[in-house]
Amino acid sequence: MGTMDFKRDPGAVTINLLLIVHPEEAAGEQKGRRGRQTEGGRSAGLQDDGNGNSREQPPQGKDRNGRRVSKESCEQTQAVTSYSNNGTQVTVEIHPKDTTPQLLKKLSFGKGPRRLPSLRGQDNRGFQRTEAPRPPGGKDLHAYPWDKSSLKSMPVDLQQFEKLDAYALKVNVKNSVEELVTALLKQARTDLEKVRAIWMWICHHIEYDVVGYHNKSQLSSKPIDVLQTGKSICEGYAGLFEQMCSIAGIQCMKLSGYSKGYGYKMGQTFTGDSDHAWNAVYLDGRWHLLDSTWGSGAVDDSFTKFTFRYNEFYFLTHPALFINNHFPDNSNWQLLKPTLTLKDFENNMLHNSNFYTLGLLTAEPQTAVIRTVNGKASVSVDCRSATLFKFELKGTDEHGLMTLKKHGMKLDIYPQKTGSHKLQIFAKPSKASEDVYNCVLEYVVECESVDKAMRFPKGLHQPVGPSWFTERQGFLRPSHPDPIIHTNDGRCSLTFTLGKDISVLALLHCDNSSLTEDKRRQHIMQIHRGNQIELKIHLPHAGNFVLKIYAKKKSDPGNYDYIFNYLITCLNTEVKWPAFPQVYSKWAEDYEILEPLSGLLPANRNVQFKLKMHGIAKVLVLADDTHSLTQSRGCWEGTCNTSGCSEVFVMVQENANHSFYSHVLKYEVESQ
């Protein structure tokens, strides 16, 4: 679909007409078609259906709300200038009968159907008359793409609206639109406050008409009907908003166009009639955009139930963000420089309101469809503050690797089947008390080839690797900042600086391992040196392993909480490291095994022992015979012969005045 702008084109026709219009002969507004759109996605706002509904003129001698208009109000000459949605301008003088017109007005038509625009700005008795709206011009335009400065198109302090908002929500007037506006404006002084009061009232009192959406015979979009029934579709929301602003003396336009709302499919094209209606208001010398339909609430996935769920995002939305899911019939109402084409609108990534209200800034790629390269596709998000993310690829998070960054996240996707895959990304503020993630992005991933080497263990938890989140949990200065650790010989070592009073538990997981969890745990050794912790890992075999790290306060007797995990990969099939020796509860956190590190000792051999322990009176190694270790420079050293035994124990005497020994280590001996 092409768009028309306000610039005069070579095909424009200018006709000088003398229009003598008597009040009782004034024509009705043009009939326009509007789709019924709601914001798309999970917990999305509202969408209309695309079937138009005509706006009818009131009976002769009555206003739009069905109230009788006094004769006196019709006897004065009125000059009404109106702009239609496609930019056409008409100025008409209205005279009482038997009077002579004083001015000759110029009527300019652009290309397309020669239709008279709707008459706006009618005088409402007792209210300020709205001036003729002007078309958007250079000073209304905002730079595209978004400059990341503000979600709004003008400075707005929401805290200053708290009293006004609370007042507007309590107003309960349904006799007429004029009476409603009179009540709302009692607490509104500035034009911005007037618009705010009208916006808040509509968003909290008009529900989306899901019955009317499905059955047009039960649907009316007249402002008085919308007010008295308390429900409508987007045409009614926008029409009521426009009339209330007009009564309040605020210039307002009802706009129409395409939208990416309920039912939108990624990458779809838009043809035919427009499917949504919204508004533009004139404040502080500039036009601003808002959508009270999408600001009011949400419908369920089956489009049968509406729930009020106020959405601040669609009040005076920055045009560079509004264009993300609103494409007006007339490109000038984008309020952007440069304007986007319909093709741009169709191709651009859909960012719903959650994306921006959660403080997210940009996402790459910016197209809705991603094609894998060598089986891999990548997505990144930048945000203002620390944010937690999740993802689902065809309903699971198994085939990706997500890492948190200080100001965003990075996700690498490795689909394990060719074809089209739906990718959803969810987010929530890091300080949110509830564990509720909102969908912020959706992509279609087109996979042409599969990278089988990047098949991750099922136990891998997203996100992967250390981050600002793990720092908050007390794991500082990681030796391995990347989420994947590659080892060729099956050994690796990680170090962290720990916060105070933290006890650590580390586990290894592997999909195809025959080892029990306790045995896998013995392939990790913890070494503490002051506030530093080292995790030594000897893999039992080649493959992909998940290193899961848990923690709790030492003073807390409760369970360990999961903190984060790494992916450890080893392709060397010759790797087969034995476990570390089994550690008993009396083995203190700051003890350290220097040798032997292997928990499996050779048979019939003299084995050297060297253990770093303090505050110990005596150390014995119990094999077939008992061997005492001697203390030298902070270490207990000695040898033990493994002949004739299958197990070797290390025991300590903590108090020289007692004869009691405690087991601290256990070694296995190879079978003879």
# chains A, B, ... in the order shown; residues from 1 in each chain; ligands from 1
$ select_by_dssp --residues "range 411-643 of chain A" --states "alpha helix (DSSP H)" --output "NGL selection string"
:A and (468-472 or 517-521)
$ residues_around --residues "Ser385 in chain A" --least-positions-apart "6" --cutoff "10 Å" --atoms "only C-alpha atoms" --output "ChimeraX atom specification"
/A:358-360,406-408,429-430
$ atom_distance --atom1 "CA of Lys417 in chain A" --atom2 "CA of Ser449 in chain A"
7.8 Å
$ atom_distance --atom1 "CA of Pro596 in chain A" --atom2 "CA of Gln608 in chain A"
6.9 Å
$ residues_around --residues "range 215-221 of chain A" --least-positions-apart "2" --cutoff "8 Å" --atoms "only C-alpha atoms" --output "PyMOL selection string"
chain A and resi 53+55+209+211-213+223+225-226+232-233+235-237+239
$ residues_around --residues "Glu193 in chain A" --least-positions-apart "3" --cutoff "12 Å" --atoms "only C-alpha atoms" --output "list in words"
Val156, Asp157, Leu158, Gln160, Phe161, Glu162, Lys163, Leu164, Asp165, Tyr167, Ala168, Leu184, Leu185, Lys186, Gln187, Ala188, Arg189, Thr190, Arg196, Ala197, Ile198, Trp199, Met200, Cys245, Ala248, Ile250, Leu283 and Asp284 of chain A
$ closest_residue --among "A:Leu401, A:Ala617, A:His541, A:Ser646" --to "Leu515 in chain A" --atoms "only C-alpha atoms"
A:His541
$ atom_distance --atom1 "CA of Thr367 in chain A" --atom2 "CA of Gln462 in chain A"
24.2 Å
$ residues_around --residues "Tyr560 in chain A" --least-positions-apart "5" --cutoff "6 Å" --atoms "only C-alpha atoms" --output "MDAnalysis selection string"
chainID A and resid 550:552
$ write_last_selection --atoms "all heavy atoms" --output "PDB file, in the first residue's frame"
ATOM      1  N   TYR A 550      26.639 -24.065  43.410  1.00  0.00           N
ATOM      2  CA  TYR A 550      25.632 -23.689  44.396  1.00  0.00           C
ATOM      3  C   TYR A 550      26.319 -22.965  45.548  1.00  0.00           C
ATOM      4  O   TYR A 550      27.532 -23.085  45.748  1.00  0.00           O
ATOM      5  CB  TYR A 550      24.919 -24.926  44.945  1.00  0.00           C
ATOM      6  CG  TYR A 550      24.219 -25.771  43.907  1.00  0.00           C
ATOM      7  CD1 TYR A 550      24.940 -26.634  43.080  1.00  0.00           C
ATOM      8  CD2 TYR A 550      22.837 -25.735  43.759  1.00  0.00           C
ATOM      9  CE1 TYR A 550      24.303 -27.425  42.132  1.00  0.00           C
ATOM     10  CE2 TYR A 550      22.188 -26.529  42.818  1.00  0.00           C
ATOM     11  CZ  TYR A 550      22.933 -27.364  42.008  1.00  0.00           C
ATOM     12  OH  TYR A 550      22.307 -28.140  41.073  1.00  0.00           O
ATOM     13  N   ALA A 551      25.540 -22.237  46.341  1.00  0.00           N
ATOM     14  CA  ALA A 551      26.127 -21.529  47.479  1.00  0.00           C
ATOM     15  C   ALA A 551      25.078 -21.306  48.558  1.00  0.00           C
ATOM     16  O   ALA A 551      23.872 -21.350  48.295  1.00  0.00           O
ATOM     17  CB  ALA A 551      26.716 -20.193  47.032  1.00  0.00           C
ATOM     18  N   LYS A 552      25.559 -21.079  49.760  1.00  0.00           N
ATOM     19  CA  LYS A 552      24.707 -20.663  50.876  1.00  0.00           C
ATOM     20  C   LYS A 552      25.588 -19.966  51.903  1.00  0.00           C
ATOM     21  O   LYS A 552      26.818 -20.024  51.832  1.00  0.00           O
ATOM     22  CB  LYS A 552      23.996 -21.849  51.512  1.00  0.00           C
ATOM     23  CG  LYS A 552      24.887 -22.778  52.319  1.00  0.00           C
ATOM     24  CD  LYS A 552      24.061 -23.881  52.956  1.00  0.00           C
ATOM     25  CE  LYS A 552      24.887 -24.774  53.880  1.00  0.00           C
ATOM     26  NZ  LYS A 552      25.282 -24.071  55.129  1.00  0.00           N
TER      27      LYS A 552
END
